[in-house]
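Have a look at query-v2.pdb; it's PDB, C-alpha atoms:
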```
MODEL        1
ATOM      1  CA  MET A 266       9.209  -4.767   5.926  1.00  0.00           C
ATOM      2  CA  LYS A 267       5.607  -3.620   5.497  1.00  0.00           C
ATOM      3  CA  ASN A 268       4.210  -0.994   7.850  1.00  0.00           C
ATOM      4  CA  ILE A 269       0.679  -1.805   9.018  1.00  0.00           C
ATOM      5  CA  VAL A 270      -1.710   0.591  10.759  1.00  0.00           C
ATOM      6  CA  ILE A 271      -4.751  -1.013  12.397  1.00  0.00           C
ATOM      7  CA  LEU A 272      -7.966   0.883  13.179  1.00  0.00           C
ATOM      8  CA  ILE A 273     -10.289  -0.321  15.936  1.00  0.00           C
ATOM      9  CA  SER A 274     -13.280   0.920  17.913  1.00  0.00           C
ATOM     10  CA  GLY A 275     -13.431  -1.583  20.790  1.00  0.00           C
ATOM     11  CA  ARG A 276     -11.476  -4.532  22.153  1.00  0.00           C
ATOM     12  CA  GLY A 277      -9.906  -5.255  18.797  1.00  0.00           C
ATOM     13  CA  SER A 278      -9.878  -9.045  18.930  1.00  0.00           C
ATOM     14  CA  ASN A 279      -8.978  -9.246  15.241  1.00  0.00           C
ATOM     15  CA  MET A 280      -6.196  -6.739  15.833  1.00  0.00           C
ATOM     16  CA  GLN A 281      -4.928  -8.988  18.617  1.00  0.00           C
ATOM     17  CA  ALA A 282      -5.009 -12.012  16.308  1.00  0.00           C
ATOM     18  CA  ILE A 283      -2.930 -10.140  13.720  1.00  0.00           C
ATOM     19  CA  VAL A 284      -0.395  -8.968  16.309  1.00  0.00           C
ATOM     20  CA  ASP A 285      -0.127 -12.396  17.930  1.00  0.00           C
ATOM     21  CA  ALA A 286       0.448 -14.046  14.539  1.00  0.00           C
ATOM     22  CA  GLN A 287       3.862 -12.332  14.314  1.00  0.00           C
ATOM     23  CA  ILE A 288       3.622 -12.214  10.531  1.00  0.00           C
ATOM     24  CA  PRO A 289       7.011 -12.221   8.762  1.00  0.00           C
ATOM     25  CA  ASN A 290       8.031  -8.917   7.146  1.00  0.00           C
ATOM     26  CA  VAL A 291       5.171  -7.076   8.892  1.00  0.00           C
ATOM     27  CA  ARG A 292       5.599  -4.276  11.418  1.00  0.00           C
ATOM     28  CA  ILE A 293       2.529  -3.107  13.321  1.00  0.00           C
ATOM     29  CA  ALA A 294       3.334   0.597  13.204  1.00  0.00           C
ATOM     30  CA  ALA A 295       0.312   1.788  15.177  1.00  0.00           C
ATOM     31  CA  VAL A 296      -3.165   1.015  16.444  1.00  0.00           C
ATOM     32  CA  LEU A 297      -5.573   3.939  16.161  1.00  0.00           C
ATOM     33  CA  SER A 298      -9.162   4.365  17.308  1.00  0.00           C
ATOM     34  CA  ASN A 299     -12.123   6.713  17.260  1.00  0.00           C
ATOM     35  CA  ASN A 300     -12.670   5.749  20.913  1.00  0.00           C
ATOM     36  CA  GLU A 301     -10.036   6.778  23.440  1.00  0.00           C
ATOM     37  CA  HIS A 302     -11.420   4.176  25.877  1.00  0.00           C
ATOM     38  CA  ALA A 303     -11.182   1.276  23.423  1.00  0.00           C
ATOM     39  CA  ALA A 304      -9.825  -1.734  25.302  1.00  0.00           C
ATOM     40  CA  GLY A 305      -7.694  -2.673  22.316  1.00  0.00           C
ATOM     41  CA  LEU A 306      -5.597   0.480  22.710  1.00  0.00           C
ATOM     42  CA  ALA A 307      -4.451  -0.557  26.171  1.00  0.00           C
ATOM     43  CA  TRP A 308      -3.738  -4.088  24.932  1.00  0.00           C
ATOM     44  CA  ALA A 309      -1.572  -2.751  22.102  1.00  0.00           C
ATOM     45  CA  ALA A 310       0.231  -0.208  24.280  1.00  0.00           C
ATOM     46  CA  GLN A 311       1.173  -2.959  26.733  1.00  0.00           C
ATOM     47  CA  ARG A 312       2.978  -4.667  23.855  1.00  0.00           C
ATOM     48  CA  GLY A 313       4.947  -1.605  22.872  1.00  0.00           C
ATOM     49  CA  ILE A 314       2.819  -0.650  19.868  1.00  0.00           C
ATOM     50  CA  ALA A 315       2.185   3.043  19.242  1.00  0.00           C
ATOM     51  CA  THR A 316      -1.433   4.023  19.883  1.00  0.00           C
ATOM     52  CA  ASP A 317      -3.555   7.119  19.405  1.00  0.00           C
ATOM     53  CA  SER A 318      -7.201   8.123  19.208  1.00  0.00           C
ATOM     54  CA  LEU A 319      -9.528  10.766  17.835  1.00  0.00           C
ATOM     55  CA  ASN A 320     -13.042  11.313  19.145  1.00  0.00           C
ATOM     56  CA  HIS A 321     -15.260  11.586  16.088  1.00  0.00           C
ATOM     57  CA  LYS A 322     -17.870  13.434  18.146  1.00  0.00           C
ATOM     58  CA  GLN A 323     -15.528  16.412  18.396  1.00  0.00           C
ATOM     59  CA  PHE A 324     -15.542  17.035  14.648  1.00  0.00           C
ATOM     60  CA  ALA A 325     -18.058  19.066  12.679  1.00  0.00           C
ATOM     61  CA  ASP A 326     -18.755  16.290  10.210  1.00  0.00           C
ATOM     62  CA  ARG A 327     -17.586  12.928   8.910  1.00  0.00           C
ATOM     63  CA  SER A 328     -15.234  14.488   6.368  1.00  0.00           C
ATOM     64  CA  ALA A 329     -13.424  16.566   8.974  1.00  0.00           C
ATOM     65  CA  PHE A 330     -12.883  13.513  11.154  1.00  0.00           C
ATOM     66  CA  ASP A 331     -11.648  11.415   8.260  1.00  0.00           C
ATOM     67  CA  ARG A 332      -9.157  14.092   7.197  1.00  0.00           C
ATOM     68  CA  ALA A 333      -7.780  14.273  10.725  1.00  0.00           C
ATOM     69  CA  MET A 334      -7.527  10.491  10.924  1.00  0.00           C
ATOM     70  CA  MET A 335      -5.761  10.408   7.553  1.00  0.00           C
ATOM     71  CA  GLU A 336      -3.122  12.797   8.901  1.00  0.00           C
ATOM     72  CA  LYS A 337      -2.473  10.499  11.849  1.00  0.00           C
ATOM     73  CA  ILE A 338      -2.347   7.401   9.660  1.00  0.00           C
ATOM     74  CA  ASP A 339      -0.042   8.961   7.069  1.00  0.00           C
ATOM     75  CA  ALA A 340       2.471   9.918   9.754  1.00  0.00           C
ATOM     76  CA  TYR A 341       3.294   6.201  10.022  1.00  0.00           C
ATOM     77  CA  GLN A 342       3.826   5.812   6.249  1.00  0.00           C
ATOM     78  CA  PRO A 343       1.715   2.648   6.104  1.00  0.00           C
ATOM     79  CA  ASP A 344       1.781   0.091   3.322  1.00  0.00           C
ATOM     80  CA  LEU A 345      -1.540  -1.329   4.542  1.00  0.00           C
ATOM     81  CA  ILE A 346      -4.388  -0.015   6.690  1.00  0.00           C
ATOM     82  CA  VAL A 347      -6.484  -2.670   8.391  1.00  0.00           C
ATOM     83  CA  LEU A 348     -10.024  -2.012   9.629  1.00  0.00           C
ATOM     84  CA  ALA A 349     -10.411  -4.442  12.518  1.00  0.00           C
ATOM     85  CA  GLY A 350     -13.781  -3.560  13.990  1.00  0.00           C
ATOM     86  CA  PHE A 351     -13.554   0.148  13.131  1.00  0.00           C
ATOM     87  CA  MET A 352     -17.179   1.162  13.461  1.00  0.00           C
ATOM     88  CA  ARG A 353     -17.232   4.136  11.123  1.00  0.00           C
ATOM     89  CA  ILE A 354     -18.619   4.601   7.629  1.00  0.00           C
ATOM     90  CA  LEU A 355     -15.722   6.107   5.703  1.00  0.00           C
ATOM     91  CA  THR A 356     -15.983   8.975   3.250  1.00  0.00           C
ATOM     92  CA  PRO A 357     -15.165   8.436  -0.441  1.00  0.00           C
ATOM     93  CA  GLU A 358     -12.176  10.757   0.050  1.00  0.00           C
ATOM     94  CA  PHE A 359     -10.747   8.442   2.720  1.00  0.00           C
ATOM     95  CA  CYS A 360     -11.372   5.313   0.661  1.00  0.00           C
ATOM     96  CA  ARG A 361      -9.781   6.734  -2.473  1.00  0.00           C
ATOM     97  CA  HIS A 362      -6.762   8.044  -0.558  1.00  0.00           C
ATOM     98  CA  TYR A 363      -5.931   4.470   0.483  1.00  0.00           C
ATOM     99  CA  GLU A 364      -7.221   2.687  -2.601  1.00  0.00           C
ATOM    100  CA  GLY A 365      -5.647  -0.756  -2.871  1.00  0.00           C
ATOM    101  CA  SER A 366      -4.122  -0.598   0.602  1.00  0.00           C
ATOM    102  CA  LEU A 367      -7.212  -0.540   2.838  1.00  0.00           C
ATOM    103  CA  ILE A 368      -8.849  -3.800   3.922  1.00  0.00           C
ATOM    104  CA  ASN A 369     -11.817  -4.616   6.142  1.00  0.00           C
ATOM    105  CA  ILE A 370     -13.409  -7.667   7.714  1.00  0.00           C
ATOM    106  CA  HIS A 371     -17.190  -7.990   7.560  1.00  0.00           C
ATOM    107  CA  PRO A 372     -19.181 -10.622   9.519  1.00  0.00           C
ATOM    108  CA  SER A 373     -21.170 -12.046   6.616  1.00  0.00           C
ATOM    109  CA  LEU A 374     -20.605 -13.810   3.336  1.00  0.00           C
ATOM    110  CA  LEU A 375     -20.725 -10.757   1.112  1.00  0.00           C
ATOM    111  CA  PRO A 376     -22.541  -9.667  -0.937  1.00  0.00           C
ATOM    112  CA  ALA A 377     -25.174 -10.964   1.488  1.00  0.00           C
ATOM    113  CA  PHE A 378     -26.033  -8.829   4.521  1.00  0.00           C
ATOM    114  CA  THR A 379     -24.039  -5.663   4.063  1.00  0.00           C
ATOM    115  CA  GLY A 380     -24.200  -3.206   6.944  1.00  0.00           C
ATOM    116  CA  LEU A 381     -25.114  -4.014  10.543  1.00  0.00           C
ATOM    117  CA  HIS A 382     -26.852  -6.841  12.469  1.00  0.00           C
ATOM    118  CA  THR A 383     -25.540  -9.471  10.083  1.00  0.00           C
ATOM    119  CA  HIS A 384     -25.953 -12.485  12.370  1.00  0.00           C
ATOM    120  CA  GLU A 385     -29.538 -11.644  13.318  1.00  0.00           C
ATOM    121  CA  ARG A 386     -30.393 -11.166   9.650  1.00  0.00           C
ATOM    122  CA  ALA A 387     -28.753 -14.448   8.617  1.00  0.00           C
ATOM    123  CA  ILE A 388     -30.758 -16.368  11.218  1.00  0.00           C
ATOM    124  CA  GLU A 389     -33.998 -14.583  10.328  1.00  0.00           C
ATOM    125  CA  ALA A 390     -33.443 -15.375   6.650  1.00  0.00           C
ATOM    126  CA  GLY A 391     -33.097 -19.071   7.436  1.00  0.00           C
ATOM    127  CA  CYS A 392     -29.499 -19.313   6.228  1.00  0.00           C
ATOM    128  CA  ARG A 393     -27.823 -22.670   6.834  1.00  0.00           C
ATOM    129  CA  ILE A 394     -24.351 -21.198   6.284  1.00  0.00           C
ATOM    130  CA  ALA A 395     -22.951 -17.886   7.517  1.00  0.00           C
ATOM    131  CA  GLY A 396     -19.449 -16.519   7.768  1.00  0.00           C
ATOM    132  CA  CYS A 397     -17.131 -13.599   7.213  1.00  0.00           C
ATOM    133  CA  THR A 398     -15.492 -11.738   4.336  1.00  0.00           C
ATOM    134  CA  ILE A 399     -12.203  -9.866   4.099  1.00  0.00           C
ATOM    135  CA  HIS A 400     -12.235  -7.325   1.295  1.00  0.00           C
ATOM    136  CA  PHE A 401     -10.543  -4.244  -0.063  1.00  0.00           C
ATOM    137  CA  VAL A 402     -12.461  -1.106   0.859  1.00  0.00           C
ATOM    138  CA  THR A 403     -14.093   1.073  -1.784  1.00  0.00           C
ATOM    139  CA  PRO A 404     -16.459   4.053  -1.410  1.00  0.00           C
ATOM    140  CA  GLU A 405     -19.468   1.731  -1.767  1.00  0.00           C
ATOM    141  CA  LEU A 406     -20.195   0.155   1.640  1.00  0.00           C
ATOM    142  CA  ASP A 407     -19.071  -3.488   1.972  1.00  0.00           C
ATOM    143  CA  CYS A 408     -18.737  -3.902  -1.796  1.00  0.00           C
ATOM    144  CA  GLY A 409     -14.988  -3.897  -2.436  1.00  0.00           C
ATOM    145  CA  PRO A 410     -13.046  -6.742  -4.094  1.00  0.00           C
ATOM    146  CA  ILE A 411     -13.167  -9.880  -1.954  1.00  0.00           C
ATOM    147  CA  ILE A 412      -9.851 -11.240  -0.668  1.00  0.00           C
ATOM    148  CA  THR A 413     -11.100 -14.277   1.223  1.00  0.00           C
ATOM    149  CA  GLN A 414     -14.177 -15.747   2.900  1.00  0.00           C
ATOM    150  CA  GLY A 415     -14.747 -18.273   5.639  1.00  0.00           C
ATOM    151  CA  ALA A 416     -17.989 -20.161   6.252  1.00  0.00           C
ATOM    152  CA  VAL A 417     -19.565 -21.772   9.312  1.00  0.00           C
ATOM    153  CA  PRO A 418     -22.797 -23.731   9.733  1.00  0.00           C
ATOM    154  CA  VAL A 419     -25.880 -22.128  11.240  1.00  0.00           C
ATOM    155  CA  PHE A 420     -27.532 -24.435  13.771  1.00  0.00           C
ATOM    156  CA  ASP A 421     -31.234 -24.570  14.594  1.00  0.00           C
ATOM    157  CA  ASP A 422     -30.708 -23.316  18.139  1.00  0.00           C
ATOM    158  CA  ASP A 423     -28.294 -20.533  17.227  1.00  0.00           C
ATOM    159  CA  THR A 424     -28.718 -17.027  18.552  1.00  0.00           C
ATOM    160  CA  ALA A 425     -26.959 -13.992  17.153  1.00  0.00           C
ATOM    161  CA  ASP A 426     -24.404 -14.304  19.955  1.00  0.00           C
ATOM    162  CA  THR A 427     -23.605 -17.993  19.428  1.00  0.00           C
ATOM    163  CA  LEU A 428     -23.323 -17.523  15.681  1.00  0.00           C
ATOM    164  CA  ALA A 429     -21.143 -14.453  16.136  1.00  0.00           C
ATOM    165  CA  ALA A 430     -18.777 -16.401  18.399  1.00  0.00           C
ATOM    166  CA  ARG A 431     -18.443 -19.172  15.812  1.00  0.00           C
ATOM    167  CA  VAL A 432     -17.781 -16.701  12.998  1.00  0.00           C
ATOM    168  CA  LEU A 433     -15.248 -14.807  15.122  1.00  0.00           C
ATOM    169  CA  LYS A 434     -13.057 -17.901  15.396  1.00  0.00           C
ATOM    170  CA  VAL A 435     -12.838 -17.996  11.604  1.00  0.00           C
ATOM    171  CA  GLU A 436     -12.123 -14.266  11.444  1.00  0.00           C
ATOM    172  CA  HIS A 437      -9.140 -14.758  13.748  1.00  0.00           C
ATOM    173  CA  GLN A 438      -7.727 -17.364  11.356  1.00  0.00           C
ATOM    174  CA  LEU A 439      -8.361 -15.576   8.070  1.00  0.00           C
ATOM    175  CA  PHE A 440      -7.412 -11.983   8.899  1.00  0.00           C
ATOM    176  CA  PRO A 441      -3.744 -12.648   9.796  1.00  0.00           C
ATOM    177  CA  GLN A 442      -3.435 -14.789   6.656  1.00  0.00           C
ATOM    178  CA  ALA A 443      -4.850 -12.000   4.495  1.00  0.00           C
ATOM    179  CA  VAL A 444      -2.353  -9.531   5.973  1.00  0.00           C
ATOM    180  CA  ALA A 445       0.451 -12.035   5.358  1.00  0.00           C
ATOM    181  CA  ASP A 446      -0.669 -12.509   1.748  1.00  0.00           C
ATOM    182  CA  PHE A 447      -0.719  -8.736   1.185  1.00  0.00           C
ATOM    183  CA  ALA A 448       2.721  -8.303   2.747  1.00  0.00           C
ATOM    184  CA  ALA A 449       4.110 -11.085   0.550  1.00  0.00           C
ATOM    185  CA  GLY A 450       2.698  -9.516  -2.620  1.00  0.00           C
ATOM    186  CA  ARG A 451       0.277 -12.361  -3.266  1.00  0.00           C
ATOM    187  CA  LEU A 452      -2.792 -10.148  -3.787  1.00  0.00           C
ATOM    188  CA  ASN A 453      -3.499  -8.162  -6.941  1.00  0.00           C
ATOM    189  CA  ILE A 454      -6.678  -6.318  -7.914  1.00  0.00           C
ATOM    190  CA  ASN A 455      -8.071  -6.761 -11.432  1.00  0.00           C
ATOM    191  CA  GLY A 456     -11.241  -4.718 -11.734  1.00  0.00           C
ATOM    192  CA  ASN A 457     -13.499  -5.944  -8.939  1.00  0.00           C
ATOM    193  CA  ARG A 458     -11.618  -9.219  -8.485  1.00  0.00           C
ATOM    194  CA  VAL A 459      -8.639 -10.090  -6.327  1.00  0.00           C
ATOM    195  CA  ILE A 460      -6.147 -12.285  -8.165  1.00  0.00           C
ATOM    196  CA  ARG A 461      -4.146 -14.493  -5.830  1.00  0.00           C
ATOM    197  CA  THR A 462      -1.005 -16.482  -6.528  1.00  0.00           C
ATOM    198  CA  PRO A 463      -1.229 -20.293  -6.192  1.00  0.00           C
ATOM    199  CA  SER A 464       0.729 -20.165  -2.937  1.00  0.00           C
ATOM    200  CA  ALA A 465      -1.857 -17.981  -1.225  1.00  0.00           C
ATOM    201  CA  HIS A 466      -4.255 -19.300   1.389  1.00  0.00           C
ATOM    202  CA  ILE A 467      -7.321 -21.246   0.214  1.00  0.00           C
ATOM    203  CA  GLU A 468     -10.010 -18.634  -0.302  1.00  0.00           C
ATOM    204  CA  SER A 469     -12.954 -20.375   1.326  1.00  0.00           C
ATOM    205  CA  GLN A 470     -13.331 -22.912   4.063  1.00  0.00           C
ATOM    206  CA  LEU A 471     -16.106 -24.533   6.073  1.00  0.00           C
ATOM    207  CA  LEU A 472     -15.413 -24.750   9.793  1.00  0.00           C
ATOM    208  CA  ALA A 473     -17.648 -26.061  12.574  1.00  0.00           C
TER     209      ALA A 473
ENDMDL
END
```

Let's see the structure in the file written out as structure tokens.
Amino acid sequence: MKNIVILISGRGSNMQAIVDAQIPNVRIAAVLSNNEHAAGLAWAAQRGIATDSLNHKQFADRSAFDRAMMEKIDAYQPDLIVLAGFMRILTPEFCRHYEGSLINIHPSLLPAFTGLHTHERAIEAGCRIAGCTIHFVTPELDCGPIITQGAVPVFDDDTADTLAARVLKVEHQLFPQAVADFAAGRLNINGNRVIRTPSAHIESQLLA
């Protein structure tokens, strides 16, 4: 049984998708947040999942917050830490502490559009395809080894909100599968590449 700790900052829709998937050999040990009012905490608590929060604004700097969050995470002895809408840039110390066991979902087809406002930037750039990327986290922002990607079309009348909604549907499919693949030992890192066994989920898909 693999212990999973999920970090969120808001409603945690990807966290909900992972929990609802009831992945074999996975135990959601805790859901943690940097926002005590995050709606996802209440959702998780209602389902009997341990929850906790730390207000990053109460710490002197980013490093102090990350060290405190690491203490909370480590108390659950996690095999995998999942960033499911955790809106914090993590320190190199945090990333290295969980090297190989920390994954994130980003709402673009990396390496395109790292950082924020991905959907607006994709539309402004005239992209005909957008999507999301699940990747291992490294100290360099949004540049870790890619686990899987999902693509969606960009329509002429799309706004950032309509495109985001379409991408989110793909996120909810791919993230639970990525967690399942990790738990089953189907993901291995070789340099900056993720090597997957033949039984793992198809890495890329185009969904309307």

List the neighbours of Ser366 (chain A) out to 7 Å using all atoms listed in the file; skip same-chain residues closer than 6 positions along the sequence, and give me the result as a JSON list (two decimals) with C-alpha atoms, in the coordinates of the input.
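Now in selection20.json:
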```json
[["chain", "number", "residue", "atom", "x", "y", "z"],
["A", 344, "ASP", "CA", 1.78, 0.09, 3.32],
["A", 345, "LEU", "CA", -1.54, -1.33, 4.54],
["A", 346, "ILE", "CA", -4.39, -0.02, 6.69]]
```

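When CA of Glu405 (chain A) is paired with CA of His382 (chain A), their separation reads 18.2 Å.
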
Length of the CA of His321 (chain A) to CA of Ile370 (chain A) vector [Å]: 21.1 Å

Expected axis-aligned box over every listed atom of region 284-296 of chain A, 5 Å added per side, centre plus edges in Å to one decimal, as lines of an AutoDock Vina configuration file:
```
center_x = 2.4
center_y = -6.1
center_z = 12.5
size_x = 21.2
size_y = 25.8
size_z = 20.8
```

Who sits within 9 Å of Phe359 (chain A), only C-alpha atoms, same chain under 2 positions skipped, as an NGL selection string: :A and (328 or 331-332 or 335 or 355-357 or 361-364 or 404)

Counting all atoms listed in the file, the option among A:Met352, A:Val296, A:Ile412, A:Ile273 closest to Arg451 (chain A): A:Ile412

Report as a CSV table (one decimal) with C-alpha atoms, in the frame of the given file the full result of the PyMOL selection byres ((chain A and resi 394) around 7) when it is applied to this structure.
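See expr_31.csv below for the written result:
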```csv
chain,number,residue,atom,x,y,z
A,392,CYS,CA,-29.5,-19.3,6.2
A,393,ARG,CA,-27.8,-22.7,6.8
A,395,ALA,CA,-23.0,-17.9,7.5
A,396,GLY,CA,-19.4,-16.5,7.8
A,416,ALA,CA,-18.0,-20.2,6.3
A,417,VAL,CA,-19.6,-21.8,9.3
A,418,PRO,CA,-22.8,-23.7,9.7
A,419,VAL,CA,-25.9,-22.1,11.2
```

Residue list as JSON, numbers by chain for point (-19.6, -14.1, 16.4), cut-off 10 Å, all atoms listed in the file: {"A": [372, 383, 384, 396, 397, 424, 425, 426, 427, 428, 429, 430, 431, 432, 433, 434, 435, 436]}

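When the PyMOL selection byres ((chain A and resi 292-295) around 6) is evaluated against the file, it yields Lys267, Asn268, Ile269, Val270, Val291, Val296, Ile314, Ala315 and Thr316 of chain A.
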
Of the listed residues A:Met334, A:Ile399, A:Val347, A:Leu452, that which approaches Gly277 (chain A) most closely, counting all atoms listed in the file: A:Val347

Given all atoms listed in the file as the counted atoms, nearest of A:Gly391, A:Pro343, A:Gly305, A:Pro376 to Asp422 (chain A):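 Looking at the shortest contact to Asp422 (chain A), the residue is A:Gly391.
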
Residue neighbourhood Gln438 (chain A), 10 Å, all atoms listed in the file, exclusion window fewer than 5 positions, as a PyMOL selection string: chain A and resi 279+282-283+286+415+433+443

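Comparing the minimum interatomic distances between Phe440 (chain A) and each of A:Gln311, A:Ser318, A:Thr398, A:Ser274, counting all atoms listed in the file, we find that A:Thr398 sits nearest.
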
Point-to-point distance in Å for CA of Asn290 (chain A) and CA of Ile271 (chain A): 15.9 Å

For Phe330 (chain A), the nearest of the candidates A:Leu367, A:Ile354, A:Ala349, A:Ala307, counting only C-alpha atoms: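 Going through A:Leu367, A:Ile354, A:Ala349, A:Ala307 one by one, the smallest distance to Phe330 (chain A) is for A:Ile354.
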
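The residue that comes closest to Cys360 (chain A), out of A:Leu381, A:Val402, A:Ala340, A:Ala325 and on the basis of only C-alpha atoms, is A:Val402.
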
Radius query 8 Å about (5.5, -12.1, 6.6), atoms used: only C-alpha atoms, as a PyMOL selection string: chain A and resi 287-291+445-446+448-449
